[in-house]
Every structure is written in structure tokens, then in C-alpha cells.
$ cat entry_35.cif   # mmCIF, C-alpha atoms
data_upload
#
loop_
_atom_site.group_PDB
_atom_site.id
_atom_site.type_symbol
_atom_site.label_atom_id
_atom_site.label_comp_id
_atom_site.auth_asym_id
_atom_site.auth_seq_id
_atom_site.Cartn_x
_atom_site.Cartn_y
_atom_site.Cartn_z
ATOM 1 C CA ALA A 23 172.045 103.358 141.812
ATOM 2 C CA ASN A 24 174.892 104.754 143.908
ATOM 3 C CA LEU A 25 175.312 103.153 147.362
ATOM 4 C CA THR A 26 177.306 105.067 150.001
ATOM 5 C CA GLU A 27 177.410 105.274 153.799
ATOM 6 C CA ALA A 28 175.006 108.198 153.511
ATOM 7 C CA GLY A 29 172.409 106.088 151.752
ATOM 8 C CA LEU A 30 171.289 104.897 148.352
ATOM 9 C CA ARG A 31 170.958 107.460 145.571
ATOM 10 C CA LEU A 32 168.707 106.168 142.794
ATOM 11 C CA ARG A 33 169.562 107.954 139.576
ATOM 12 C CA SER A 34 167.062 107.948 136.781
ATOM 13 C CA ARG A 35 167.657 105.614 133.863
ATOM 14 C CA HIS A 36 165.309 108.068 132.209
ATOM 15 C CA GLU A 37 168.085 110.701 132.235
ATOM 16 C CA GLN A 38 169.408 109.850 128.768
ATOM 17 C CA VAL A 39 165.868 109.613 127.407
ATOM 18 C CA VAL A 40 165.004 113.050 128.823
ATOM 19 C CA LYS A 41 168.161 114.617 127.416
ATOM 20 C CA GLU A 42 168.212 113.069 123.967
ATOM 21 C CA ARG A 43 165.027 111.238 123.021
ATOM 22 C CA LEU A 44 162.066 112.880 124.781
ATOM 23 C CA SER A 45 161.289 115.676 122.339
ATOM 24 C CA THR A 46 158.352 118.049 122.065
ATOM 25 C CA VAL A 47 155.553 117.845 119.510
ATOM 26 C CA LYS A 48 156.225 119.919 116.389
ATOM 27 C CA PHE A 49 153.474 122.306 115.259
ATOM 28 C CA ALA A 50 152.897 124.172 112.041
ATOM 29 C CA LYS A 51 153.569 127.865 112.651
ATOM 30 C CA TRP A 52 149.948 128.977 112.944
ATOM 31 C CA ARG A 53 148.525 125.998 114.861
ATOM 32 C CA LYS A 54 149.193 127.268 118.387
ATOM 33 C CA SER A 55 147.021 130.310 117.723
ATOM 34 C CA VAL A 56 143.889 128.124 117.867
ATOM 35 C CA PRO A 57 144.274 126.313 121.226
ATOM 36 C CA THR A 58 140.665 125.074 121.278
ATOM 37 C CA ALA A 59 140.956 123.328 117.896
ATOM 38 C CA LEU A 60 141.347 119.569 117.725
ATOM 39 C CA ALA A 61 144.872 118.305 117.153
ATOM 40 C CA ASN A 62 145.503 116.851 113.704
ATOM 41 C CA ALA A 63 146.706 113.335 112.910
ATOM 42 C CA SER A 64 150.403 114.275 112.955
ATOM 43 C CA GLU A 65 150.129 116.093 116.284
ATOM 44 C CA ILE A 66 148.185 113.207 117.825
ATOM 45 C CA SER A 67 150.734 110.668 116.611
ATOM 46 C CA GLN A 68 153.632 112.688 118.003
ATOM 47 C CA GLY A 69 151.670 113.347 121.180
ATOM 48 C CA ARG A 70 151.053 109.650 121.818
ATOM 49 C CA SER A 71 154.784 108.989 121.592
ATOM 50 C CA VAL A 72 155.615 111.831 123.987
ATOM 51 C CA GLU A 73 152.832 110.814 126.381
ATOM 52 C CA GLY A 74 154.184 107.267 126.424
ATOM 53 C CA GLY A 75 157.610 108.584 127.416
ATOM 54 C CA LEU A 76 156.113 110.663 130.211
ATOM 55 C CA GLN A 77 154.063 107.729 131.487
ATOM 56 C CA GLY A 78 157.118 105.480 131.559
ATOM 57 C CA GLY A 79 159.116 107.965 133.594
ATOM 58 C CA ALA A 80 156.231 108.839 135.915
ATOM 59 C CA ARG A 81 155.630 105.220 136.900
ATOM 60 C CA ILE A 82 159.181 104.424 137.962
ATOM 61 C CA GLU A 83 161.604 107.331 138.223
ATOM 62 C CA ARG A 84 160.079 110.767 137.618
ATOM 63 C CA PRO A 85 157.428 111.810 140.157
ATOM 64 C CA ASP A 86 157.476 115.286 138.604
ATOM 65 C CA ALA A 87 155.971 113.803 135.421
ATOM 66 C CA ALA A 88 153.094 112.026 137.159
ATOM 67 C CA GLY A 89 150.572 114.893 137.147
ATOM 68 C CA PRO A 90 150.733 115.977 133.503
ATOM 69 C CA ALA A 91 151.192 112.385 132.310
ATOM 70 C CA SER A 92 147.975 111.300 134.017
ATOM 71 C CA ILE A 93 145.832 114.341 133.232
ATOM 72 C CA ILE A 94 146.845 114.767 129.589
ATOM 73 C CA ALA A 95 146.484 111.036 128.910
ATOM 74 C CA GLY A 96 142.779 111.510 129.554
ATOM 75 C CA THR A 97 142.471 113.869 126.574
ATOM 76 C CA PHE A 98 143.425 111.198 124.025
ATOM 77 C CA PRO A 99 142.341 110.051 121.447
ATOM 78 C CA ALA A 100 141.028 113.542 120.672
ATOM 79 C CA PRO A 101 143.256 116.128 122.385
ATOM 80 C CA LEU A 102 142.966 119.831 121.717
ATOM 81 C CA ILE A 103 145.902 121.955 120.600
ATOM 82 C CA GLN A 104 146.139 123.299 124.170
ATOM 83 C CA ASP A 105 146.459 119.761 125.521
ATOM 84 C CA VAL A 106 149.429 119.094 123.246
ATOM 85 C CA VAL A 107 150.959 122.467 124.159
ATOM 86 C CA ASP A 108 150.684 121.496 127.839
ATOM 87 C CA LEU A 109 152.317 118.173 126.992
ATOM 88 C CA ASN A 110 155.254 120.079 125.513
ATOM 89 C CA LYS A 111 155.490 122.209 128.658
ATOM 90 C CA ALA A 112 155.712 119.056 130.769
ATOM 91 C CA VAL A 113 158.581 117.768 128.624
ATOM 92 C CA GLU A 114 160.407 121.087 128.902
ATOM 93 C CA ALA A 115 160.005 121.019 132.701
ATOM 94 C CA LEU A 116 161.558 117.544 132.853
ATOM 95 C CA GLN A 117 164.423 118.609 130.610
ATOM 96 C CA LYS A 118 165.335 121.325 133.110
ATOM 97 C CA HIS A 119 166.001 118.540 135.667
ATOM 98 C CA PRO A 120 167.417 115.675 133.584
ATOM 99 C CA ASP A 121 169.588 114.263 136.378
ATOM 100 C CA LEU A 122 166.855 113.965 139.012
ATOM 101 C CA SER A 123 167.527 111.271 141.609
ATOM 102 C CA ILE A 124 165.813 109.782 144.659
ATOM 103 C CA LYS A 125 167.771 109.285 147.872
ATOM 104 C CA ILE A 126 166.967 106.358 150.163
ATOM 105 C CA HIS A 127 168.395 107.051 153.629
ATOM 106 C CA PRO A 128 169.853 104.371 155.941
ATOM 107 C CA ILE A 129 167.582 104.990 158.945
ATOM 108 C CA PRO A 130 167.829 102.597 161.918
ATOM 109 C CA PRO A 131 164.563 100.664 162.401
ATOM 110 C CA LYS A 132 164.042 102.169 165.877
ATOM 111 C CA ASP A 133 164.056 105.676 164.341
ATOM 112 C CA LEU A 134 162.188 104.828 161.128
ATOM 113 C CA ARG A 135 158.695 106.216 160.594
ATOM 114 C CA LEU A 136 156.400 106.162 157.580
ATOM 115 C CA GLY A 137 153.993 108.823 156.410
ATOM 116 C CA SER A 138 151.698 109.747 153.561
ATOM 117 C CA ILE A 139 151.230 112.977 151.638
ATOM 118 C CA SER A 140 148.018 113.649 149.736
ATOM 119 C CA ASP A 141 146.588 116.467 147.661
ATOM 120 C CA ALA A 142 143.771 117.031 145.183
ATOM 121 C CA SER A 143 142.605 119.482 142.546
ATOM 122 C CA TYR A 144 138.864 119.837 142.117
ATOM 123 C CA ALA A 145 137.302 119.379 138.648
ATOM 124 C CA ASN A 146 140.505 120.040 136.695
ATOM 125 C CA ALA A 147 140.566 116.845 134.596
ATOM 126 C CA GLU A 148 138.478 115.614 131.670
ATOM 127 C CA GLU A 149 134.698 115.621 132.163
ATOM 128 C CA ASN A 150 135.148 117.817 135.259
ATOM 129 C CA ARG A 151 136.698 114.935 137.181
ATOM 130 C CA SER A 152 139.011 115.745 140.067
ATOM 131 C CA GLN A 153 142.666 114.740 140.220
ATOM 132 C CA GLY A 154 144.230 113.230 143.327
ATOM 133 C CA SER A 155 147.844 112.571 144.247
ATOM 134 C CA GLN A 156 149.422 110.499 146.983
ATOM 135 C CA ALA A 157 152.960 109.810 148.168
ATOM 136 C CA VAL A 158 154.509 107.615 150.849
ATOM 137 C CA ILE A 159 157.639 108.759 152.678
ATOM 138 C CA ALA A 160 160.100 107.126 155.070
ATOM 139 C CA TYR A 161 161.647 109.536 157.555
ATOM 140 C CA ARG A 162 163.608 109.777 160.778
ATOM 141 C CA GLN A 163 161.401 110.161 163.836
ATOM 142 C CA ASP A 164 162.559 113.718 164.692
ATOM 143 C CA LEU A 165 161.024 115.138 161.491
ATOM 144 C CA LEU A 166 158.526 117.164 163.532
ATOM 145 C CA GLU A 167 161.303 118.862 165.506
ATOM 146 C CA VAL A 168 164.183 119.419 163.073
ATOM 147 C CA THR A 169 165.016 119.055 159.408
ATOM 148 C CA ALA A 170 165.392 115.280 159.132
ATOM 149 C CA PRO A 171 166.276 112.681 156.479
ATOM 150 C CA CYS A 172 163.239 111.783 154.389
ATOM 151 C CA SER A 173 162.954 109.387 151.442
ATOM 152 C CA LEU A 174 160.217 109.283 148.819
ATOM 153 C CA LEU A 175 159.126 105.644 148.494
ATOM 154 C CA HIS A 176 155.979 105.858 146.403
ATOM 155 C CA TRP A 177 153.976 108.371 144.381
ATOM 156 C CA ARG A 178 150.809 108.316 142.333
ATOM 157 C CA SER A 179 148.600 110.702 140.392
ATOM 158 C CA GLY A 180 145.195 109.697 139.098
ATOM 159 C CA LYS A 181 141.588 110.701 138.649
ATOM 160 C CA ILE A 182 139.442 110.369 141.739
ATOM 161 C CA GLN A 183 137.031 107.567 140.917
ATOM 162 C CA GLN A 184 133.979 109.042 142.602
ATOM 163 C CA VAL A 185 132.369 112.191 141.255
ATOM 164 C CA VAL A 186 132.757 114.803 144.010
ATOM 165 C CA ASN A 187 131.047 118.143 144.505
ATOM 166 C CA SER A 188 133.694 120.174 146.345
ATOM 167 C CA THR A 189 137.399 120.648 146.958
ATOM 168 C CA LEU A 190 136.950 119.232 150.468
ATOM 169 C CA ALA A 191 135.399 116.061 149.069
ATOM 170 C CA ALA A 192 138.242 115.678 146.560
ATOM 171 C CA GLU A 193 140.861 116.138 149.287
ATOM 172 C CA THR A 194 139.039 113.631 151.490
ATOM 173 C CA ARG A 195 138.959 110.923 148.795
ATOM 174 C CA SER A 196 142.636 111.474 148.027
ATOM 175 C CA LEU A 197 143.566 111.166 151.710
ATOM 176 C CA SER A 198 141.536 107.969 151.973
ATOM 177 C CA THR A 199 143.616 106.462 149.161
ATOM 178 C CA ALA A 200 146.832 107.709 150.780
ATOM 179 C CA VAL A 201 145.960 106.077 154.115
ATOM 180 C CA ALA A 202 145.418 102.753 152.339
ATOM 181 C CA GLN A 203 148.794 103.055 150.601
ATOM 182 C CA LEU A 204 150.487 103.991 153.879
ATOM 183 C CA THR A 205 148.944 100.993 155.622
ATOM 184 C CA TRP A 206 150.261 98.662 152.922
ATOM 185 C CA TYR A 207 153.796 100.030 153.284
ATOM 186 C CA MET A 208 153.653 99.810 157.072
ATOM 187 C CA CYS A 209 152.666 96.156 156.821
ATOM 188 C CA MET A 210 155.434 95.518 154.302
ATOM 189 C CA ILE A 211 158.088 97.104 156.550
ATOM 190 C CA GLU A 212 156.733 95.168 159.524
ATOM 191 C CA ASP A 213 156.970 91.938 157.532
ATOM 192 C CA ILE A 214 160.615 92.697 156.700
ATOM 193 C CA CYS A 215 161.676 93.741 160.206
ATOM 194 C CA ASN A 216 159.497 91.512 162.379
ATOM 195 C CA ARG A 217 160.022 87.781 161.908
ATOM 196 C CA GLY A 218 156.863 86.974 163.845
ATOM 197 C CA PHE A 219 154.572 89.277 161.841
ATOM 198 C CA GLU A 220 151.380 87.682 160.513
ATOM 199 C CA LEU A 221 149.349 89.626 157.988
ATOM 200 C CA LYS A 222 146.043 88.475 159.467
ATOM 201 C CA ASN A 223 147.009 90.250 162.707
ATOM 202 C CA TRP A 224 148.212 93.481 161.086
ATOM 203 C CA ARG A 225 145.809 95.752 162.984
ATOM 204 C CA ARG A 226 146.872 94.454 166.382
ATOM 205 C CA THR A 227 150.563 94.539 165.439
ATOM 206 C CA LEU A 228 150.506 98.132 164.216
ATOM 207 C CA GLN A 229 148.488 99.297 167.213
ATOM 208 C CA ASP A 230 150.845 97.529 169.627
ATOM 209 C CA ARG A 231 153.829 99.168 167.966
ATOM 210 C CA GLY A 232 152.211 102.529 168.604
ATOM 211 C CA ALA A 233 153.031 102.223 172.300
ATOM 212 C CA GLN A 234 156.722 102.121 171.387
ATOM 213 C CA MET A 235 156.649 105.200 169.138
ATOM 214 C CA PHE A 236 157.069 108.777 170.224
ATOM 215 C CA ILE A 237 155.919 111.136 167.490
ATOM 216 C CA LYS A 238 153.696 113.713 169.113
ATOM 217 C CA ASP A 239 150.489 114.737 167.388
ATOM 218 C CA ASN A 240 150.121 118.385 168.404
ATOM 219 C CA ALA A 241 146.412 118.306 167.637
ATOM 220 C CA ASN A 242 145.615 116.129 170.652
ATOM 221 C CA GLY A 243 148.879 115.517 172.501
ATOM 222 C CA GLN A 244 148.880 111.798 171.756
ATOM 223 C CA LEU A 245 151.829 109.751 170.522
ATOM 224 C CA LYS A 246 151.668 108.538 166.928
ATOM 225 C CA GLN A 247 153.757 106.158 164.865
ATOM 226 C CA ALA A 248 152.902 107.666 161.459
ATOM 227 C CA ILE A 249 151.681 110.919 159.943
ATOM 228 C CA CYS A 250 149.412 111.848 157.041
ATOM 229 C CA ILE A 251 150.207 115.263 155.554
ATOM 230 C CA VAL A 252 147.507 117.437 153.934
ATOM 231 C CA ASP A 253 147.270 121.084 152.886
ATOM 232 C CA ALA A 254 143.482 121.485 153.144
ATOM 233 C CA LYS A 255 142.677 123.344 156.372
ATOM 234 C CA SER A 256 139.023 122.323 156.302
ATOM 235 C CA LEU A 257 139.931 118.635 156.099
ATOM 236 C CA PHE A 258 142.585 118.974 158.799
ATOM 237 C CA HIS A 259 140.144 120.670 161.187
ATOM 238 C CA ARG A 260 137.418 118.081 160.607
ATOM 239 C CA LEU A 261 139.823 115.228 161.293
ATOM 240 C CA THR A 262 141.378 116.725 164.415
ATOM 241 C CA ARG A 263 138.194 117.952 166.097
ATOM 242 C CA GLU A 264 135.532 115.818 167.717
ATOM 243 C CA THR A 265 132.798 116.649 165.250
ATOM 244 C CA VAL A 266 131.191 115.095 162.194
ATOM 245 C CA GLY A 267 130.003 118.500 160.920
ATOM 246 C CA GLY A 268 129.419 119.689 157.390
ATOM 247 C CA ALA A 269 126.403 119.698 155.109
ATOM 248 C CA ASP A 270 127.804 116.964 152.859
ATOM 249 C CA LYS A 271 126.796 113.855 154.780
ATOM 250 C CA ARG A 272 128.456 111.484 152.330
ATOM 251 C CA ASN A 273 131.776 113.237 152.882
ATOM 252 C CA ALA A 274 131.160 113.284 156.643
ATOM 253 C CA ILE A 275 130.872 109.490 156.531
ATOM 254 C CA GLU A 276 134.114 109.261 154.529
ATOM 255 C CA ILE A 277 135.890 111.391 157.138
ATOM 256 C CA GLN A 278 134.651 109.102 159.903
ATOM 257 C CA ILE A 279 135.999 106.107 157.981
ATOM 258 C CA ILE A 280 139.373 107.837 157.635
ATOM 259 C CA ARG A 281 139.403 108.510 161.392
ATOM 260 C CA GLN A 282 138.843 104.822 162.019
ATOM 261 C CA ASN A 283 141.565 103.838 159.539
ATOM 262 C CA LEU A 284 144.020 106.265 161.144
ATOM 263 C CA ALA A 285 143.284 104.775 164.553
ATOM 264 C CA GLU A 286 144.009 101.288 163.204
ATOM 265 C CA ILE A 287 147.568 102.274 162.260
ATOM 266 C CA ASN A 288 148.025 104.788 165.094
ATOM 267 C CA ALA A 289 148.561 107.677 162.679
ATOM 268 C CA GLY A 290 148.007 111.404 163.084
ATOM 269 C CA VAL A 291 147.225 114.143 160.565
ATOM 270 C CA ARG A 292 149.492 117.133 159.978
ATOM 271 C CA TRP A 293 148.828 120.265 157.951
ATOM 272 C CA VAL A 294 151.288 122.165 155.760
ATOM 273 C CA PRO A 295 150.723 125.345 153.720
ATOM 274 C CA ARG A 296 150.171 124.866 150.006
ATOM 275 C CA GLN A 297 153.604 126.184 149.040
ATOM 276 C CA GLN A 298 155.150 123.353 151.084
ATOM 277 C CA MET A 299 152.927 120.616 149.649
ATOM 278 C CA VAL A 300 155.200 118.053 147.993
ATOM 279 C CA ALA A 301 152.321 116.463 146.049
ATOM 280 C CA ASP A 302 150.895 119.714 144.617
ATOM 281 C CA GLY A 303 152.546 119.303 141.225
ATOM 282 C CA LEU A 304 151.127 115.804 140.915
ATOM 283 C CA THR A 305 147.538 117.093 140.730
ATOM 284 C CA LYS A 306 147.965 119.593 137.895
ATOM 285 C CA ARG A 307 149.284 119.922 134.368
ATOM 286 C CA SER A 308 151.763 122.576 135.459
ATOM 287 C CA GLY A 309 151.738 122.518 139.244
ATOM 288 C CA ASN A 310 154.200 123.846 141.793
ATOM 289 C CA LEU A 311 157.095 121.369 141.925
ATOM 290 C CA THR A 312 159.404 123.438 144.141
ATOM 291 C CA SER A 313 158.797 121.439 147.336
ATOM 292 C CA LEU A 314 159.085 118.132 145.495
ATOM 293 C CA TYR A 315 162.409 119.112 143.932
ATOM 294 C CA GLN A 316 163.649 120.367 147.299
ATOM 295 C CA LEU A 317 162.834 117.013 148.912
ATOM 296 C CA LEU A 318 164.529 115.063 146.129
ATOM 297 C CA ASP A 319 167.583 117.333 145.962
ATOM 298 C CA THR A 320 168.235 117.511 149.710
ATOM 299 C CA GLY A 321 166.701 114.247 150.876
ATOM 300 C CA CYS A 322 165.333 116.114 153.907
ATOM 301 C CA MET A 323 162.075 117.561 155.203
ATOM 302 C CA GLN A 324 160.677 119.352 158.223
ATOM 303 C CA ILE A 325 157.095 119.997 159.291
ATOM 304 C CA THR A 326 156.387 123.170 161.238
ATOM 305 C CA GLU A 327 153.859 123.212 164.077
ATOM 306 C CA GLU A 328 150.439 124.077 162.606
ATOM 307 C CA ALA A 329 149.455 126.916 164.948
ATOM 308 C CA SER A 330 152.392 129.116 163.969
ATOM 309 C CA GLU A 331 151.899 128.441 160.249
ATOM 310 C CA MET A 332 148.151 129.104 160.275
ATOM 311 C CA GLN A 333 148.664 132.472 161.963
ATOM 312 C CA GLN A 334 150.847 133.706 159.088
#
$ encode --input "entry_35.cif" --output "C-alpha cells"
Amino acid sequence: ANLTEAGLRLRSRHEQVVKERLSTVKFAKWRKSVPTALANASEISQGRSVEGGLQGGARIERPDAAGPASIIAGTFPAPLIQDVVDLNKAVEALQKHPDLSIKIHPIPPKDLRLGSISDASYANAEENRSQGSQAVIAYRQDLLEVTAPCSLLHWRSGKIQQVVNSTLAAETRSLSTAVAQLTWYMCMIEDICNRGFELKNWRRTLQDRGAQMFIKDNANGQLKQAICIVDAKSLFHRLTRETVGGADKRNAIEIQIIRQNLAEINAGVRWVPRQQMVADGLTKRSGNLTSLYQLLDTGCMQITEEASEMQQ
């Protein structure tokens, strides 16, 4: 860790491991030509070691490893050649950014806001399960107006527990998990900053704080103290319009529950285009990590007003 007036830069202890010890699985020359064949004992043994290294980094220091580490882990103990090839690709991607670091900004409590980012990929994991990803960010309150300091506090990639029948349902379940994670972090920050905070009164405390916050939710003109970022237009529209809609009644109920949970923490929903989705790479074996790397490299983020983005 490197502490300066500009903030705390957390450098990965995984850096030396990525550079020197996290190596790819070695194949016999002809093996890659049969990607649907089962991996042999040597490839599985090597793969377990590599997967363990990815998992270790993904849990603590390398959010860019979280997606492939989670998805490929589900293929063991009987991975295919293609699974091991994808594992190698994940290692090579990490090795291109061995010195990745996470910046924690010194934001005054009066300007500090928390938010969640969630994404999902439908039926792209083992047994046609869907993969969800969630992140929690801490940012300066003017994020919706200018490029502002933003710190990544938490990330996760994992299979969505329920079997879902659509991309919308997968995105909804992932957002539900993200809202729960955001709520936990908001309570934790409140406990640190507010000496009189009592956990049993967390709903009332977070709602009361909402009157002091001034982040505008463009969807309804109200003031919000937190944001939840998604890239699914259908989910965004269902959450920001006064309708239950949709043929999937189970998912409609889940959306209503999310609405209630958002109201409890006085949070709004914001939409970003897929190319700006920080959590995209956490839902795939080889996802788009550009926005994630940009956030980690610069320590900043900005969200553009939805209407102008959706017209493009």
C-alpha cells in the first residue's frame, strides 16, 4: 500500500506471482486441435494449480480475474481442452497488467456516496447456468455531473443461484444481490461515521440521511443518496416506470422487491451502455475489461445522462 495526500494506492501482492509464478498449462502439440475432448490427467493437474492462483487473486486483489476464475472453476474435475485453453487466456490477460492497483480516495464524509454496479450473462456457465457480477464503489457526490474520484471497494463474480429463463431475469437477480451488498456497505460506513448508529434502526437511519443528500435521479427528479448502475435497458425501464409489466410474473415480483429495497436505502438506478459497464468482464471467460481497467488506472468515473446515451 502507498499512502499519499491523494489517497491510498493498494498495489497487488499478486504482482510477483503474476510475473513469475502464474504460468499457463502446457499442452502436447496436437491437443489444442480437439477442443471438445476431455483434458488429460496432466492438464487437469496443471489446470487446478493455475485455477487456484486465479482464485486467490480474484478474491483479494485482481477483480479482472474474477470472471474466468469463477466460470472455469465450475468445469472441474472434468474440464474440456477448451476450458483449459480459456484458463490460459485468462492468465495471459493478467500478465499484460501485472502491476494493477486499486486507489482508495480520501473523500470527505459530506461528499461521500456509495453505489453498486451489476451485470449478468445468461446461460453462459456450466449446465446452462447464468453468471452474475456485482461491485460496490465509493465516489464523490458530483459523479453524475463531472468525472469524479471513484474507488472500487468490493467485487464478486458467481453463478446465479436460481435457474432463470431470460437475460432480463439474470440481470434482475444480479441487481438484487448488488443491492444487498450495497446496503451492507452503507450500514458499515454509517457505523464508522455515526457514533449513534444502531444496526436495528438501519432502515430509518439510511432513509433519514437521504434528506441530506443531493444526488439527482434523472428518472424521476428525486434526490438520492446512492446509485445502482446497470446496462440492461429493459431492467432500467421496468425499475424507473410505474409498472409491473412483463409476462414473467416471478421476475415482476423480484423487480417489485428490488424497488422496495431501493426505497429503504434511498437509492436510484442509472443506466450505462455496455461498453462502459465496469462489471462486464466479471461475467464472462474473456469479457470486456476496458472500463474496469480505466477505473482502476485513473481512479475516476463519470455517468452520462441516460437520454443522450440511449439516443446514440
$ resolve_selection --input "entry_35.cif" --expression "the PyMOL selection byres ((chain A and resi 88) around 9)" --output "PyMOL selection string"
chain A and resi 76-77+79-81+84-87+89-93+155+177-180+303-305
$ resolve_selection --input "entry_35.cif" --expression "the PyMOL selection byres ((chain A and resi 298-300) around 7)" --output "ChimeraX atom specification"
/A:253,294-297,301-302,313-314
$ closest_residue --input "entry_35.cif" --among "A:Val186, A:Ala269, A:Ile124, A:Leu174" --to "Asn150 in chain A" --atoms "only C-alpha atoms"
A:Val186
$ atom_distance --input "entry_35.cif" --atom1 "CA of Cys172 in chain A" --atom2 "CA of Leu261 in chain A"
24.7 Å
$ resolve_selection --input "entry_35.cif" --expression "the PyMOL selection byres ((chain A and resi 281) around 12)" --output "PyMOL selection string"
chain A and resi 194+197-198+201+250+257-258+260-266+274-280+282-291
$ atom_distance --input "entry_35.cif" --atom1 "CA of Leu109 in chain A" --atom2 "CA of Lys306 in chain A"
11.8 Å
$ atom_distance --input "entry_35.cif" --atom1 "CA of Thr46 in chain A" --atom2 "CA of Tyr315 in chain A"
22.3 Å
$ residues_around --input "entry_35.cif" --residues "Val47 in chain A" --least-positions-apart "2" --cutoff "12 Å" --atoms "all atoms listed in the file" --output "number ranges by chain"
A: 44-45, 49-50, 53-54, 61-73, 103-114
$ axis_aligned_box --input "entry_35.cif" --around "range 316-321 of chain A" --padding-each-side "8 Å" --output "lines of an AutoDock Vina configuration file"
center_x = 165.5
center_y = 117.3
center_z = 148.4
size_x = 21.4
size_y = 22.1
size_z = 20.9
$ closest_residue --input "entry_35.cif" --among "A:Glu148, A:Glu193, A:Glu212, A:Asp319" --to "Lys132 in chain A" --atoms "only C-alpha atoms"
A:Glu212
$ closest_residue --input "entry_35.cif" --among "A:Ala248, A:Leu175, A:Leu311, A:Leu221" --to "Ile82 in chain A" --atoms "only C-alpha atoms"
A:Leu175
$ closest_residue --input "entry_35.cif" --among "A:Ser173, A:Asp141, A:Thr205, A:Leu166" --to "Lys255 in chain A" --atoms "all atoms listed in the file"
A:Asp141
$ closest_residue --input "entry_35.cif" --among "A:Ser140, A:His176, A:Gln203, A:Arg43" --to "Gln117 in chain A" --atoms "all atoms listed in the file"
A:Arg43
$ closest_residue --input "entry_35.cif" --among "A:Thr189, A:Ser308, A:Gln247, A:Thr199" --to "Ala160 in chain A" --atoms "only C-alpha atoms"
A:Gln247
